[in-house]
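The structure appears below as structure tokens.
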Amino acid sequence: MLIQAISLAGAMTILAAFVLQLWGRLKADDAAYLWANTLGAGVLTVVAWIESQWGFLLMESVWTAVSLNGLVKRTRT
């Protein structure tokens with residue numbers, strides 16, 4: 001039950017950032033958007049690993065890496 005709550009929190013973090021971006025409140029290169037995606041996807045990556053969900057693990061680990069890369073690039077500029 002706890003793992004489901006953690007998974008929902010990670011998914012809601014990503015979805016909230018996505019909705020805010022669609023509504024024009026965040027841009028895809030805003031720090032808040034990138035942090036939300038990095039943290040949410042990172043949480044879901046751990047959940048996927050624990051649950052042995054390999055396809056989900058692949059998707060979320062790549063999502064985490066891409067979002068983290070965006071944060072690094074943003075920091076450097």
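Each chain in the structure tokens gets a letter, A, B and so on, in the order shown; residues start at 1 in every chain, and ligands are counted from 1 in the order they appear.
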Inset, instruction - Find the spatial neighbours of segment 65-70 of chain A, counting only C-alpha atoms, within a cut-off of 7 Å - ignore same-chain residues fewer than 6 positions away - and output them as a list in words. - result: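 Non-adjacent residues within range: Leu34, Asn37 and Thr38 of chain A.
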Legend entry - Nearby residues (only C-alpha atoms) at most 9 Å from segment 48-59 of chain A, same-chain spacing under 6 positions excluded, as a VMD selection string: chain A and resid 3 7 41
Once you have the residues from the selection above, write them out as a PDB file, in the first residue's frame, restricted to all heavy atoms.
ATOM      1  N   ILE A   3       3.903   1.612  -1.216  1.00  0.00           N
ATOM      2  CA  ILE A   3       4.544   1.767  -2.518  1.00  0.00           C
ATOM      3  C   ILE A   3       3.576   2.394  -3.519  1.00  0.00           C
ATOM      4  O   ILE A   3       3.976   3.183  -4.385  1.00  0.00           O
ATOM      5  CB  ILE A   3       5.129   0.428  -3.037  1.00  0.00           C
ATOM      6  CG1 ILE A   3       6.147   0.664  -4.153  1.00  0.00           C
ATOM      7  CG2 ILE A   3       4.063  -0.513  -3.522  1.00  0.00           C
ATOM      8  CD1 ILE A   3       7.458   1.119  -3.675  1.00  0.00           C
ATOM      9  N   SER A   7       4.150   5.863  -5.469  1.00  0.00           N
ATOM     10  CA  SER A   7       4.011   5.873  -6.913  1.00  0.00           C
ATOM     11  C   SER A   7       3.031   6.960  -7.365  1.00  0.00           C
ATOM     12  O   SER A   7       3.295   7.690  -8.323  1.00  0.00           O
ATOM     13  CB  SER A   7       3.530   4.497  -7.391  1.00  0.00           C
ATOM     14  OG  SER A   7       3.350   4.472  -8.775  1.00  0.00           O
ATOM     15  N   ALA A  41       9.864  11.441 -11.890  1.00  0.00           N
ATOM     16  CA  ALA A  41      10.354  10.283 -12.643  1.00  0.00           C
ATOM     17  C   ALA A  41      11.361   9.475 -11.830  1.00  0.00           C
ATOM     18  O   ALA A  41      11.408   8.248 -11.930  1.00  0.00           O
ATOM     19  CB  ALA A  41      10.969  10.732 -13.963  1.00  0.00           C
TER      20      ALA A  41
END
Legend entry - Sel. of alpha helix (DSSP H) residues, chain A, as a ChimeraX atom specification: /A:2-22,31-50,54-76
Legend entry - For Trp63 of chain A, the nearest of the candidates A:Thr13, A:Gln21, A:Gln4, A:Thr45, counting only C-alpha atoms: A:Thr45
Legend entry - Gly40 of chain A surroundings by only C-alpha atoms, 8 Å radius, close-in-sequence under 3 positions cut, as a PyMOL selection string: chain A and resi 9-14+36-37+43-44
Based on the selection just made, write N, CA, C and O atoms of those residues as a CSV table (one decimal), in the first residue's frame.
chain,number,residue,atom,x,y,z
A,9,ALA,N,2.3,9.7,-5.8
A,9,ALA,CA,2.9,11.0,-5.5
A,9,ALA,C,3.9,11.4,-6.7
A,9,ALA,O,3.9,12.5,-7.2
A,10,GLY,N,4.7,10.4,-7.1
A,10,GLY,CA,5.6,10.6,-8.2
A,10,GLY,C,4.8,11.0,-9.5
A,10,GLY,O,5.2,11.9,-10.2
A,11,ALA,N,3.8,10.2,-9.8
A,11,ALA,CA,3.0,10.5,-11.0
A,11,ALA,C,2.3,11.8,-11.0
A,11,ALA,O,2.3,12.5,-12.0
A,12,MET,N,1.7,12.2,-9.8
A,12,MET,CA,1.0,13.4,-9.7
A,12,MET,C,2.0,14.6,-9.8
A,12,MET,O,1.6,15.7,-10.4
A,13,THR,N,3.2,14.4,-9.4
A,13,THR,CA,4.2,15.5,-9.6
A,13,THR,C,4.5,15.8,-11.0
A,13,THR,O,4.5,16.9,-11.5
A,14,ILE,N,4.7,14.7,-11.8
A,14,ILE,CA,4.9,14.9,-13.2
A,14,ILE,C,3.7,15.4,-13.9
A,14,ILE,O,3.8,16.3,-14.7
A,36,ALA,N,10.3,19.1,-11.2
A,36,ALA,CA,9.2,18.2,-11.0
A,36,ALA,C,9.3,16.9,-11.8
A,36,ALA,O,9.0,15.8,-11.3
A,37,ASN,N,9.8,17.1,-13.1
A,37,ASN,CA,9.9,15.9,-13.9
A,37,ASN,C,11.1,15.0,-13.4
A,37,ASN,O,10.9,13.8,-13.3
A,43,VAL,N,11.3,9.0,-8.6
A,43,VAL,CA,10.5,8.2,-7.6
A,43,VAL,C,9.9,7.0,-8.4
A,43,VAL,O,10.0,5.9,-7.9
A,44,LEU,N,9.4,7.3,-9.6
A,44,LEU,CA,8.8,6.2,-10.3
A,44,LEU,C,9.8,5.2,-10.8
A,44,LEU,O,9.5,4.0,-10.9
Inset, instruction - Could you tell me which of A:Ala31, A:Val47, A:Ala5, A:Val62 comes closest to Arg74 of chain A if we count only C-alpha atoms? - result: A:Ala31
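The interatomic distance for the pair atom CA of Ala32 of chain A and atom CA of Leu20 of chain A works out to 10.3 Å.
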